[in-house]
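Visitor: Below are the C-alpha cells for one structure; questions will follow.
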Amino acid sequence: MVSSQYSSVLKSALFFSSCFVSLQSIAAVDDFSQCVDKLKVTARSEGLSEQTINTSVANLKFIPRVIELDNQQPEFSQTFGNYFNKRVTDWRVKEGRRLLAENRELLNKLTKEYGVPGQYIISFWGLETNFGGYKGKMSVLNSLATLACDPRRSDYFTNELMQALKLKEKYNFDDATMVGSWAGAMGHTQFMPTNYAKYAVDGDGDGKVDLWNSTADALTSAANFLQQLGWKANERWGREVTLPENYDYQYLGRKHSQPLTQWAALNITQTSGKPLSTPDMKASLYVPSGHTGPAFLGYDNFDVIMRWNRSEFYAIAVGHLADRINGAAPLHVSAPEHGMFNRSDIKVMQAKLNELGFDMGKPDGVLGRNSIAGVQAFQRSKNLIADGFPDEKTFAALGMDIGNQ
C-alpha cells in the first residue's frame, strides 16, 4: 500500500509534470503563432493571393502529434522478412491483378507513352496506399505548417507548404480534400507537394489534376514520375537469382555494380537453374536476409524505384509485387521471418565493431550499407559467412547473446 505521505508527493509530482507539459504546449502554440506571421510574408513573396493568405495561412493550426511522429525513433528496426511478408501478400497480388485487368486500356496507353509497364504502376499504387484504400487522414496544410515551424527541417517543409498552398489555389481544393500523411504526402500515390506540382498529370482530361479522387490522374502521374526519374523502357527491375555454393559475397550492394556477364561468370543463375541472360546491362547484388534468404540482382530500374523511396526493401517489394501481379510465381527462396532488430542492440554491435577497428560510422542502430560492409569485414575475420547480415553467430562472435524480437 502506498503511504499517504508518498501519495501526496506523487500527486504533487504529477501535477507539476502536467503543468510543465501544458507550459510546453502553450509555448509551442505561441511560437507557432509567430511562425504563421512569417509564413504570411513568405506566401506573399511566393505570389499567393491575399485571399489564400487571409484564409488558409491565417487559419493554420499546430498539430503536436506531427512533431511527435517526426521526432519518434522506433525501438525496433524491421528485417527484410518482416517487411516483405507484410507487403507482398496474396490479397495484394490478387487485387493487383484485378486492377491491372480493370485498368488495362489506360495502362496500355501509359506504357506506350511513358515506357512503364502497367504492373509496376499498379504495384506502386498497392505499396503506397493499398490501391487507394488508405490515403492518410491528417490535414496536409496543418501538418506541413507544423513541420515548417519546427527548426529541424524548416526550409524544406516551408517550401512544401508553399507548393501545397499553390495547388490549393490553382485547383480550388478544399481542406476536406487535402488530407494525407503526417509529413504531407498526398493522394493515391502519396506525392509530396513539390512532386505533385512537377510531375502530376491530368490523366482523365477534366482540366484538373486530382490525385485524391481521380484514379486516372494518379496512375498517369505515377507513370510520368517514373519516366522523369529515369525509367528504362523494355527493361525489368531485376530478378531473384540463385547463388553458387560457397559464394564469398565479395560484391554486395549498389557500389559493386557489375555487367551481367560478370555475374554469370561467378555462376550466379536464374532460380530455374538456367544461365543469366546477359544483355549489355549492369546489376547489383542484394541479399537482404543474408545467406539463408533470397538473393536479387537489381538493374537500372531498381535504382529508379529507389529514387521514389530510398529503401532497398521497398524497391524489392515493388519489383517482386509487379512480377506477381503480372503472373509470376512467389519467391523461390522465401524471406525468412527474423522478426525485428532491437536498435539498441544494433548500436551496441556498431560500437563494438568500431572499437575492434571495423568502420561502422556513428552508432545509430540502423543497418545501412556502411554497417553491412563493416559486419562483412568482421565476419571474414572470424571465418563466418560474410553476407553482412548480423545473425546469431555474428552476435556470438562479438560476445553478444541476443535474439531479434
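Naming works like this for the C-alpha cells: A, B, ... for the chains as they're shown, residue 1 at the start of each chain, ligands 1 onward in shown order.
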Name the residues in contact with Ser77 (chain A) at a cut-off of 10 Å, using only C-alpha atoms, excluding same-chain residues fewer than 6 positions from it; report them as a PyMOL selection string.
Guide: chain A and resi 83+339-344+346+365-367+404-405
Visitor: May I have the selected residues written with all heavy atoms, as a compact mmCIF listing (two decimals), in the first residue's frame?
Guide:
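The resulting file, again31.txt, is shown below:
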```txt
# COMPACT_ATOMS: atom_id res chain seq x y z
N TYR A 83 9.34 -7.06 -43.15
CA TYR A 83 8.84 -6.01 -44.05
C TYR A 83 8.14 -6.62 -45.26
O TYR A 83 6.99 -6.28 -45.57
CB TYR A 83 10.02 -5.15 -44.50
CG TYR A 83 9.68 -4.05 -45.48
CD1 TYR A 83 9.43 -2.76 -45.02
CD2 TYR A 83 9.62 -4.29 -46.85
CE1 TYR A 83 9.13 -1.73 -45.92
CE2 TYR A 83 9.32 -3.28 -47.74
CZ TYR A 83 9.07 -2.01 -47.27
OH TYR A 83 8.76 -1.00 -48.16
N GLY A 339 11.90 -11.62 -37.60
CA GLY A 339 11.32 -10.69 -36.64
C GLY A 339 11.90 -9.30 -36.83
O GLY A 339 12.09 -8.84 -37.95
N MET A 340 12.22 -8.63 -35.74
CA MET A 340 12.73 -7.27 -35.80
C MET A 340 13.99 -7.15 -34.96
O MET A 340 14.15 -7.83 -33.95
CB MET A 340 11.67 -6.28 -35.33
CG MET A 340 10.39 -6.34 -36.14
SD MET A 340 9.14 -5.17 -35.55
CE MET A 340 9.72 -3.66 -36.29
N PHE A 341 14.88 -6.25 -35.39
CA PHE A 341 16.10 -5.99 -34.63
C PHE A 341 15.84 -4.90 -33.59
O PHE A 341 15.23 -3.87 -33.91
CB PHE A 341 17.23 -5.51 -35.54
CG PHE A 341 17.89 -6.61 -36.32
CD1 PHE A 341 17.96 -6.54 -37.70
CD2 PHE A 341 18.47 -7.69 -35.68
CE1 PHE A 341 18.58 -7.54 -38.43
CE2 PHE A 341 19.09 -8.70 -36.40
CZ PHE A 341 19.15 -8.63 -37.78
N ASN A 342 16.31 -5.13 -32.38
CA ASN A 342 16.30 -4.09 -31.37
C ASN A 342 17.40 -3.10 -31.72
O ASN A 342 18.57 -3.47 -31.80
CB ASN A 342 16.54 -4.71 -29.99
CG ASN A 342 16.35 -3.71 -28.87
OD1 ASN A 342 16.82 -2.58 -28.95
ND2 ASN A 342 15.65 -4.12 -27.84
N ARG A 343 17.04 -1.85 -31.93
CA ARG A 343 18.02 -0.87 -32.38
C ARG A 343 19.11 -0.62 -31.34
O ARG A 343 20.25 -0.30 -31.70
CB ARG A 343 17.32 0.44 -32.76
CG ARG A 343 16.44 0.29 -34.00
CD ARG A 343 15.82 1.59 -34.45
NE ARG A 343 16.82 2.52 -34.95
CZ ARG A 343 16.53 3.57 -35.70
NH1 ARG A 343 15.27 3.82 -36.04
NH2 ARG A 343 17.46 4.39 -36.11
N SER A 344 18.78 -0.78 -30.08
CA SER A 344 19.82 -0.59 -29.06
C SER A 344 20.87 -1.69 -29.17
O SER A 344 22.07 -1.44 -28.96
CB SER A 344 19.19 -0.59 -27.66
OG SER A 344 18.57 -1.83 -27.38
N ILE A 346 21.71 -3.16 -32.01
CA ILE A 346 22.50 -2.83 -33.20
C ILE A 346 23.50 -1.72 -32.88
O ILE A 346 24.65 -1.75 -33.34
CB ILE A 346 21.59 -2.42 -34.37
CG1 ILE A 346 20.65 -3.57 -34.75
CG2 ILE A 346 22.40 -1.99 -35.58
CD1 ILE A 346 21.36 -4.83 -35.21
N GLY A 365 22.01 2.45 -34.73
CA GLY A 365 21.00 1.40 -34.69
C GLY A 365 20.39 1.05 -36.02
O GLY A 365 19.44 0.28 -36.09
N VAL A 366 20.95 1.62 -37.11
CA VAL A 366 20.41 1.40 -38.45
C VAL A 366 21.42 0.59 -39.27
O VAL A 366 22.60 0.96 -39.34
CB VAL A 366 20.10 2.73 -39.16
CG1 VAL A 366 19.60 2.48 -40.59
CG2 VAL A 366 19.08 3.52 -38.36
N LEU A 367 20.95 -0.47 -39.91
CA LEU A 367 21.83 -1.30 -40.73
C LEU A 367 21.87 -0.76 -42.15
O LEU A 367 21.24 -1.31 -43.06
CB LEU A 367 21.35 -2.76 -40.72
CG LEU A 367 21.73 -3.57 -39.49
CD1 LEU A 367 21.00 -4.90 -39.49
CD2 LEU A 367 23.24 -3.79 -39.45
N ASN A 404 16.71 -11.32 -32.16
CA ASN A 404 15.79 -10.25 -32.59
C ASN A 404 14.37 -10.63 -32.19
O ASN A 404 14.04 -11.78 -31.98
CB ASN A 404 15.92 -9.93 -34.07
CG ASN A 404 16.00 -11.14 -34.97
OD1 ASN A 404 16.19 -12.25 -34.52
ND2 ASN A 404 15.87 -10.90 -36.26
N GLN A 405 13.55 -9.58 -32.05
CA GLN A 405 12.25 -9.75 -31.41
C GLN A 405 11.21 -10.36 -32.34
O GLN A 405 11.17 -10.07 -33.48
CB GLN A 405 11.76 -8.37 -30.89
CG GLN A 405 12.81 -7.66 -30.07
CD GLN A 405 13.23 -8.43 -28.85
OE1 GLN A 405 12.38 -8.85 -28.09
NE2 GLN A 405 14.52 -8.61 -28.64
```
Visitor: Sorted by chain and rising residue number, list the residues of region 273-391 of chain A at most 7 Å from region 106-122 of chain A (counting only C-alpha atoms), each with its closest atom pair and distance in Å to one decimal, as a tab-separated table.
Guide:
```
residue	atom	partner	partner_atom	distance
A:Ala322	CA	A:Gln119	CA	4.9
A:Ile325	CA	A:Gln119	CA	6.1
A:Asn326	CA	A:Gln119	CA	6.0
```
Visitor: Let me see the file: selected residues, N, CA and C atoms, as a short mmCIF file (atom, residue, chain, number, x, y, z; two decimals), in the first residue's frame.
Guide:
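The new file out-v6.cif reads:
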```cif
data_model
loop_
_atom_site.label_atom_id
_atom_site.label_comp_id
_atom_site.auth_asym_id
_atom_site.auth_seq_id
_atom_site.Cartn_x
_atom_site.Cartn_y
_atom_site.Cartn_z
N ALA A 322 5.19 -6.40 -58.59
CA ALA A 322 4.86 -6.19 -60.01
C ALA A 322 4.96 -7.50 -60.78
N ILE A 325 1.94 -9.65 -59.83
CA ILE A 325 0.73 -9.12 -60.46
C ILE A 325 0.69 -9.52 -61.93
N ASN A 326 1.85 -9.61 -62.55
CA ASN A 326 1.95 -9.96 -63.97
C ASN A 326 1.96 -11.47 -64.19
#
```
Visitor: When you count only C-alpha atoms, which of these residues is closest to Ala164 (chain A): A:Arg239, A:Lys198, A:His256, A:Lys347?
Guide: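 Result for the nearest residue to Ala164 (chain A): A:Lys198.
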Visitor: Skip Phe62 (chain A) itself and residues of its chain fewer than 5 positions away, then list as a list in words all residues within 8 Å of it, counting only C-alpha atoms.
Guide: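 Counting only the stated atoms, we get Val29, Phe32, Asn142, Ser143, Ala145 and Thr146 of chain A.
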Visitor: Restricted to all heavy atoms, what would the selected residues look like written as a short mmCIF file (atom, residue, chain, number, x, y, z; two decimals), in the first residue's frame?
Guide:
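Listing of selection00.cif after writing:
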```cif
data_model
loop_
_atom_site.label_atom_id
_atom_site.label_comp_id
_atom_site.auth_asym_id
_atom_site.auth_seq_id
_atom_site.Cartn_x
_atom_site.Cartn_y
_atom_site.Cartn_z
N VAL A 29 2.52 26.70 -29.08
CA VAL A 29 1.45 27.40 -29.79
C VAL A 29 1.81 28.87 -30.01
O VAL A 29 1.57 29.43 -31.08
CB VAL A 29 0.11 27.27 -29.02
CG1 VAL A 29 -0.95 28.17 -29.63
CG2 VAL A 29 -0.35 25.82 -29.02
N PHE A 32 4.31 29.03 -32.67
CA PHE A 32 3.65 28.72 -33.94
C PHE A 32 2.92 29.96 -34.47
O PHE A 32 2.95 30.24 -35.67
CB PHE A 32 2.67 27.56 -33.76
CG PHE A 32 2.01 27.12 -35.03
CD1 PHE A 32 2.71 26.38 -35.97
CD2 PHE A 32 0.68 27.45 -35.30
CE1 PHE A 32 2.10 25.96 -37.16
CE2 PHE A 32 0.07 27.04 -36.48
CZ PHE A 32 0.78 26.30 -37.41
N ASN A 142 -1.96 21.80 -42.33
CA ASN A 142 -1.58 21.93 -40.92
C ASN A 142 -0.33 21.11 -40.59
O ASN A 142 0.53 21.54 -39.82
CB ASN A 142 -2.74 21.51 -40.03
CG ASN A 142 -3.89 22.51 -40.04
OD1 ASN A 142 -3.68 23.69 -40.33
ND2 ASN A 142 -5.08 22.04 -39.77
N SER A 143 -0.23 19.91 -41.19
CA SER A 143 0.96 19.08 -40.95
C SER A 143 2.21 19.78 -41.47
O SER A 143 3.24 19.85 -40.79
CB SER A 143 0.80 17.72 -41.63
OG SER A 143 -0.24 16.98 -41.05
N ALA A 145 2.64 22.96 -42.10
CA ALA A 145 2.89 24.19 -41.35
C ALA A 145 3.56 23.87 -40.01
O ALA A 145 4.49 24.56 -39.58
CB ALA A 145 1.59 24.94 -41.11
N THR A 146 3.11 22.82 -39.35
CA THR A 146 3.71 22.41 -38.08
C THR A 146 5.19 22.07 -38.28
O THR A 146 6.04 22.49 -37.49
CB THR A 146 2.96 21.19 -37.51
OG1 THR A 146 1.59 21.55 -37.27
CG2 THR A 146 3.60 20.71 -36.22
#
```
Visitor: Write out as a VMD selection string which residues come within 12 Å of region 280-286 of chain A when counting only C-alpha atoms, dropping same-chain ones fewer than 2 positions away.
Guide: chain A and resid 80 232 235 to 243 249 to 264 266 268 276 to 278 288 to 291 293 to 303 312 to 313 315 to 316 369 372 387 to 389
Visitor: What's the 7 Å shell around Gly81 (chain A), counting only C-alpha atoms, without same-chain residues fewer than 6 positions away, as a ChimeraX atom specification?
Guide: /A:335-338
Visitor: Convert the current residue selection to file output with N, CA and C atoms, as a PDB file, in the first residue's frame.
Guide:
```pdb
ATOM      1  N   ALA A 335      11.343 -15.334 -47.884  1.00  0.00           N
ATOM      2  CA  ALA A 335      12.012 -14.409 -46.964  1.00  0.00           C
ATOM      3  C   ALA A 335      11.842 -14.917 -45.539  1.00  0.00           C
ATOM      4  N   PRO A 336      12.932 -15.252 -44.860  1.00  0.00           N
ATOM      5  CA  PRO A 336      12.815 -15.820 -43.508  1.00  0.00           C
ATOM      6  C   PRO A 336      12.280 -14.807 -42.508  1.00  0.00           C
ATOM      7  N   GLU A 337      11.504 -15.309 -41.567  1.00  0.00           N
ATOM      8  CA  GLU A 337      10.911 -14.449 -40.545  1.00  0.00           C
ATOM      9  C   GLU A 337      11.885 -14.260 -39.386  1.00  0.00           C
ATOM     10  N   HIS A 338      12.774 -13.283 -39.525  1.00  0.00           N
ATOM     11  CA  HIS A 338      13.713 -12.983 -38.451  1.00  0.00           C
ATOM     12  C   HIS A 338      13.101 -12.110 -37.370  1.00  0.00           C
TER      13      HIS A 338
END
```
Visitor: Calculated over only C-alpha atoms, which of the candidates A:Cys35, A:Ala317, A:Met360, A:Leu141 has the smallest distance to Asn82 (chain A)?
Guide: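 Under the stated criterion, the closest residue is A:Ala317.
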Visitor: Using only C-alpha atoms, which protein or nucleic acid residues come within 8 Å of region 149-163 of chain A? Drop anything in the same chain fewer than 4 positions from it, and give the result as a VMD selection string.
Guide: chain A and resid 32 35 to 36 39 43 46 67 141 144 to 145 167 192 to 194 197
Visitor: Store the residues picked out above in a file with N, CA and C atoms, as a PDB file, in the first residue's frame.
Guide:
```pdb
ATOM      1  N   PHE A  32       4.312  29.027 -32.673  1.00  0.00           N
ATOM      2  CA  PHE A  32       3.651  28.723 -33.937  1.00  0.00           C
ATOM      3  C   PHE A  32       2.916  29.958 -34.469  1.00  0.00           C
ATOM      4  N   CYS A  35       5.342  32.105 -36.023  1.00  0.00           N
ATOM      5  CA  CYS A  35       5.804  31.487 -37.257  1.00  0.00           C
ATOM      6  C   CYS A  35       4.797  31.702 -38.383  1.00  0.00           C
ATOM      7  N   VAL A  36       3.501  31.609 -38.048  1.00  0.00           N
ATOM      8  CA  VAL A  36       2.464  31.831 -39.062  1.00  0.00           C
ATOM      9  C   VAL A  36       2.572  33.240 -39.647  1.00  0.00           C
ATOM     10  N   LEU A  39       5.139  33.017 -42.138  1.00  0.00           N
ATOM     11  CA  LEU A  39       4.672  32.265 -43.304  1.00  0.00           C
ATOM     12  C   LEU A  39       3.788  33.128 -44.203  1.00  0.00           C
ATOM     13  N   ALA A  43       4.451  33.650 -48.039  1.00  0.00           N
ATOM     14  CA  ALA A  43       3.385  33.384 -49.012  1.00  0.00           C
ATOM     15  C   ALA A  43       3.206  34.561 -49.970  1.00  0.00           C
ATOM     16  N   GLU A  46       5.855  34.555 -52.490  1.00  0.00           N
ATOM     17  CA  GLU A  46       5.671  33.459 -53.444  1.00  0.00           C
ATOM     18  C   GLU A  46       4.528  33.730 -54.419  1.00  0.00           C
ATOM     19  N   ILE A  67       4.797  16.596 -34.650  1.00  0.00           N
ATOM     20  CA  ILE A  67       6.152  16.730 -34.097  1.00  0.00           C
ATOM     21  C   ILE A  67       6.558  15.441 -33.398  1.00  0.00           C
ATOM     22  N   LEU A 141      -2.091  20.769 -44.991  1.00  0.00           N
ATOM     23  CA  LEU A 141      -1.628  22.131 -44.726  1.00  0.00           C
ATOM     24  C   LEU A 141      -1.170  22.299 -43.279  1.00  0.00           C
ATOM     25  N   LEU A 144       2.134  20.281 -42.695  1.00  0.00           N
ATOM     26  CA  LEU A 144       3.293  20.949 -43.295  1.00  0.00           C
ATOM     27  C   LEU A 144       3.645  22.226 -42.541  1.00  0.00           C
ATOM     28  N   ALA A 145       2.636  22.958 -42.097  1.00  0.00           N
ATOM     29  CA  ALA A 145       2.892  24.185 -41.345  1.00  0.00           C
ATOM     30  C   ALA A 145       3.562  23.867 -40.010  1.00  0.00           C
ATOM     31  N   LEU A 167      -1.127  24.668 -54.962  1.00  0.00           N
ATOM     32  CA  LEU A 167      -2.010  23.641 -55.527  1.00  0.00           C
ATOM     33  C   LEU A 167      -3.451  23.892 -55.116  1.00  0.00           C
ATOM     34  N   MET A 192       4.533  14.199 -52.448  1.00  0.00           N
ATOM     35  CA  MET A 192       4.744  15.442 -51.718  1.00  0.00           C
ATOM     36  C   MET A 192       4.364  16.601 -52.636  1.00  0.00           C
ATOM     37  N   PRO A 193       4.010  17.776 -52.076  1.00  0.00           N
ATOM     38  CA  PRO A 193       3.525  18.876 -52.909  1.00  0.00           C
ATOM     39  C   PRO A 193       4.450  19.273 -54.057  1.00  0.00           C
ATOM     40  N   THR A 194       5.773  19.290 -53.836  1.00  0.00           N
ATOM     41  CA  THR A 194       6.681  19.678 -54.926  1.00  0.00           C
ATOM     42  C   THR A 194       6.628  18.667 -56.062  1.00  0.00           C
ATOM     43  N   ALA A 197       3.405  19.180 -57.920  1.00  0.00           N
ATOM     44  CA  ALA A 197       3.489  20.327 -58.831  1.00  0.00           C
ATOM     45  C   ALA A 197       4.313  20.015 -60.079  1.00  0.00           C
TER      46      ALA A 197
END
```
Visitor: Looking at A:Lys274, A:Arg98, A:Lys86, A:Lys362, which one is nearest to Tyr314 (chain A), with distances taken over only C-alpha atoms?
Guide: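 Looking at the shortest contact to Tyr314 (chain A), the residue is A:Lys86.
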Visitor: List every residue of region 199-389 of chain A that DSSP, applied to the backbone of this structure, assigns to strand (DSSP E), and report them as an NGL selection string.
Guide: :A and (238-242 or 258-259 or 269-270 or 282-286 or 295-298 or 340-342)
Visitor: Dump C-alpha atoms for the selected residues as a JSON list (two decimals), in the first residue's frame?
Guide:
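Writing done, so here's selection-v5.json:
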```json
[["chain", "number", "residue", "atom", "x", "y", "z"],
["A", 238, "GLY", "CA", 15.75, -7.05, -61.54],
["A", 239, "ARG", "CA", 15.16, -10.66, -60.57],
["A", 240, "GLU", "CA", 15.61, -13.24, -57.86],
["A", 241, "VAL", "CA", 18.71, -15.33, -58.51],
["A", 242, "THR", "CA", 20.45, -18.41, -57.16],
["A", 258, "GLN", "CA", 28.88, -5.14, -62.49],
["A", 259, "PRO", "CA", 27.91, -6.21, -66.03],
["A", 269, "THR", "CA", 21.93, -18.28, -62.26],
["A", 270, "GLN", "CA", 18.22, -17.76, -62.63],
["A", 282, "LYS", "CA", 24.76, -3.75, -65.21],
["A", 283, "ALA", "CA", 23.35, -5.11, -61.97],
["A", 284, "SER", "CA", 23.98, -5.07, -58.22],
["A", 285, "LEU", "CA", 23.55, -7.99, -55.85],
["A", 286, "TYR", "CA", 21.33, -7.78, -52.75],
["A", 295, "ALA", "CA", 19.16, -13.14, -53.39],
["A", 296, "PHE", "CA", 18.37, -10.50, -56.00],
["A", 297, "LEU", "CA", 20.09, -8.74, -58.88],
["A", 298, "GLY", "CA", 18.85, -5.17, -59.21],
["A", 340, "MET", "CA", 12.73, -7.27, -35.80],
["A", 341, "PHE", "CA", 16.10, -5.99, -34.63],
["A", 342, "ASN", "CA", 16.30, -4.09, -31.37]]
```
